[in-house]
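Remarks on the structure that follows.
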Amino acid sequence: MANEASPCPCDIGHRLEYGGMGREVQVEHIRAYVTRPPADTGKAVIVVQDIFGWELPNTRYMADLIAGNGYTTIVPDFFVGKEPWSPSADMKTFPEWFKSRDARKVDKEVDAVLRYLTQQCGAQKVGIVGFCWGGIVVHHVMTKYRQIRAGVSVYGIVKDSEDVYDLKNPTLFIFAENDFVIPLEQVSLLTQKLKQHCRVDHQVKTFTGQTHGFVHRKKEDCQPADKPYIDEARRNLVEWLHKFV
């Protein structure tokens with residue numbers, strides 16, 4: 001599902017057993033999960049869900065990890081009350097489900113979240129990180145919002161289009177080598193097109209031997225050999241935010 005042209009559910013293993021360090025709030029017309037950093041830095045990061053929704057513990061864990069590095073983090077319900085995808089659902093219904101949750105039609109929600117971060121959290125600088133479906137959101141947002149200083153799209157990609165390569169601010173794309181959702185040919189095309197059309201800092205990084213969902217997968221569902229790649233990807237994510245937000 002991280003590829004608009006060939007949607008398919010995330011593969012992140014079982015839900016991470018994690019309670020969370022933040023709290024749920026109402027942000028205009030949407031619910032959101034917010035975590036504050038140990039000390040206020042005036043910086044914030046929007047964390048965008050995968051198809052399993054804003055309440056997935058795996059995503060909240062990543063938001064808390066980012067918050068621990070000095071950012072107010074917010075995980076909004078970008079489905080705006082619509083049901084997230086269930087692993088037990090009939091895959092025949094997935095295309096229709098996916099169509100009703102367009103990752104490129106989230107501007108109203110992004111605007112509301114930006115207002116909340118600046119007015120309620122005192123954020124002066126904002127970045128965005130997204131996983132799978134959320135990675136598509138990040139790719140879209142970074143072509144439109146100059147006020148969002150940096151983006152990290154984790155195994156998410158917008159299909160080939162004339163308007164998706166002129167990024168407004170630095171963006172890191174993280175992919176898995178063995179991702180059945182996003183073929184390496186699409187990653188190569190993205191790399192080529194960004195080199196031709198993008199005028200800001202960007203990086204496309206593919207992790208050897210990894211599969212879709214590896215960055216926010218439950219530890220117990222990972223092989224010991226995968227851990228260095230997971231740690232590196234998470235470190236790269238935070239370093240990108242530190243450098244550009």
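Residues are named by chain letter and number: chains run A, B, ... in the order of the structure tokens, numbers start at 1 in each chain, and ligands are numbered from 1 in the order shown.
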Residue set, stretch 37-244 of chain A restricted to strand (DSSP E or B), as a PyMOL selection string: chain A and resi 43-48+72-76+125-131+148-154+157+171-176+202-207
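Residues in contact range of stretch 106-120 of chain A, defined as at most 7 Å between only C-alpha atoms, with sequence neighbours fewer than 4 positions away removed, read A:Val27, A:Glu28, A:Phe78, A:Gln124.
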Deliver the residues from the most recent selection as a file, using N, CA and C atoms, as an mmCIF file, in the first residue's frame.
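Listed below is the output, selection00.cif:
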```
data_model
loop_
_atom_site.group_PDB
_atom_site.id
_atom_site.type_symbol
_atom_site.label_atom_id
_atom_site.label_comp_id
_atom_site.auth_asym_id
_atom_site.auth_seq_id
_atom_site.Cartn_x
_atom_site.Cartn_y
_atom_site.Cartn_z
ATOM 1 N N VAL A 27 -7.605 18.011 17.975
ATOM 2 C CA VAL A 27 -7.020 19.069 17.150
ATOM 3 C C VAL A 27 -8.048 19.431 16.079
ATOM 4 N N GLU A 28 -8.832 20.448 16.377
ATOM 5 C CA GLU A 28 -9.922 20.847 15.494
ATOM 6 C C GLU A 28 -10.812 19.639 15.189
ATOM 7 N N PHE A 78 -5.133 10.847 10.469
ATOM 8 C CA PHE A 78 -5.312 11.329 9.105
ATOM 9 C C PHE A 78 -6.452 10.622 8.381
ATOM 10 N N GLN A 124 8.261 26.477 16.446
ATOM 11 C CA GLN A 124 8.749 27.448 15.477
ATOM 12 C C GLN A 124 9.296 26.773 14.223
#
```
Spatial neighbours of stretch 43-54 of chain A, max dist 9 Å, only C-alpha atoms, sep filter under 4 positions, as JSON, numbers by chain: {"A": [1, 2, 9, 10, 31, 32, 33, 36, 59, 60, 62, 63, 66, 67, 70, 71, 72, 73, 74, 75, 76, 77, 78, 79, 83, 84, 85, 86, 87, 98, 110, 113, 114, 117, 121, 122, 123, 124, 125, 126, 127, 128, 129, 130, 131, 132, 133, 134, 135, 137, 138, 241, 245]}
Shortest interatomic distance to A:Phe214 - which of A:Gln192, A:Gln26, A:Gln186, A:Asn178, counting only C-alpha atoms: A:Asn178
Polymer residues at most 9 Å from A:Phe244, only C-alpha atoms, same-chain spacing of 3 or more positions, as a ChimeraX atom specification: /A:127,149-151,169-170,239-241
All helix (DSSP H, G or I) positions in stretch 16-239 of chain A, as a count of residues only: 78
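The space between atom CA of A:Gly42 and atom CA of A:Thr171 spans 20.4 Å.
Picture a line from atom CA of A:His216 to atom CA of A:Leu184; it runs 20.3 Å.
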Residue among A:Glu177, A:Val164, A:Val80, A:Tyr155 lying closest to A:Val215, counting only C-alpha atoms: A:Tyr155
Surrounding residues of stretch 201-211 of chain A excluding itself and chain neighbours under 6 positions, 10 Å, only C-alpha atoms, as a ChimeraX atom specification: /A:10-12,150-155,167-182,184,187-188,190-191,194-195,222,225-226,229-230,232-233,236,240,244
With only C-alpha atoms as the counted atoms, please give the residues lying no more than 10 Å from A:Gly19, apart from itself and same-chain residues fewer than 5 positions off, as a PDB file with C-alpha atoms, in the first residue's frame.
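Output contents, as saved in result-v6.pdb:
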```pdb
ATOM      1  CA  PRO A  57       1.469   1.215  19.132  1.00  0.00           C
ATOM      2  CA  ASN A  58       4.357   0.753  16.678  1.00  0.00           C
ATOM      3  CA  ARG A  60       3.370   5.792  18.738  1.00  0.00           C
ATOM      4  CA  TYR A  61       6.621   4.140  19.802  1.00  0.00           C
TER       5      TYR A  61
END
```
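Distance-wise, atom CA of A:Asp64 and atom CA of A:Pro37 end up 8.5 Å apart.
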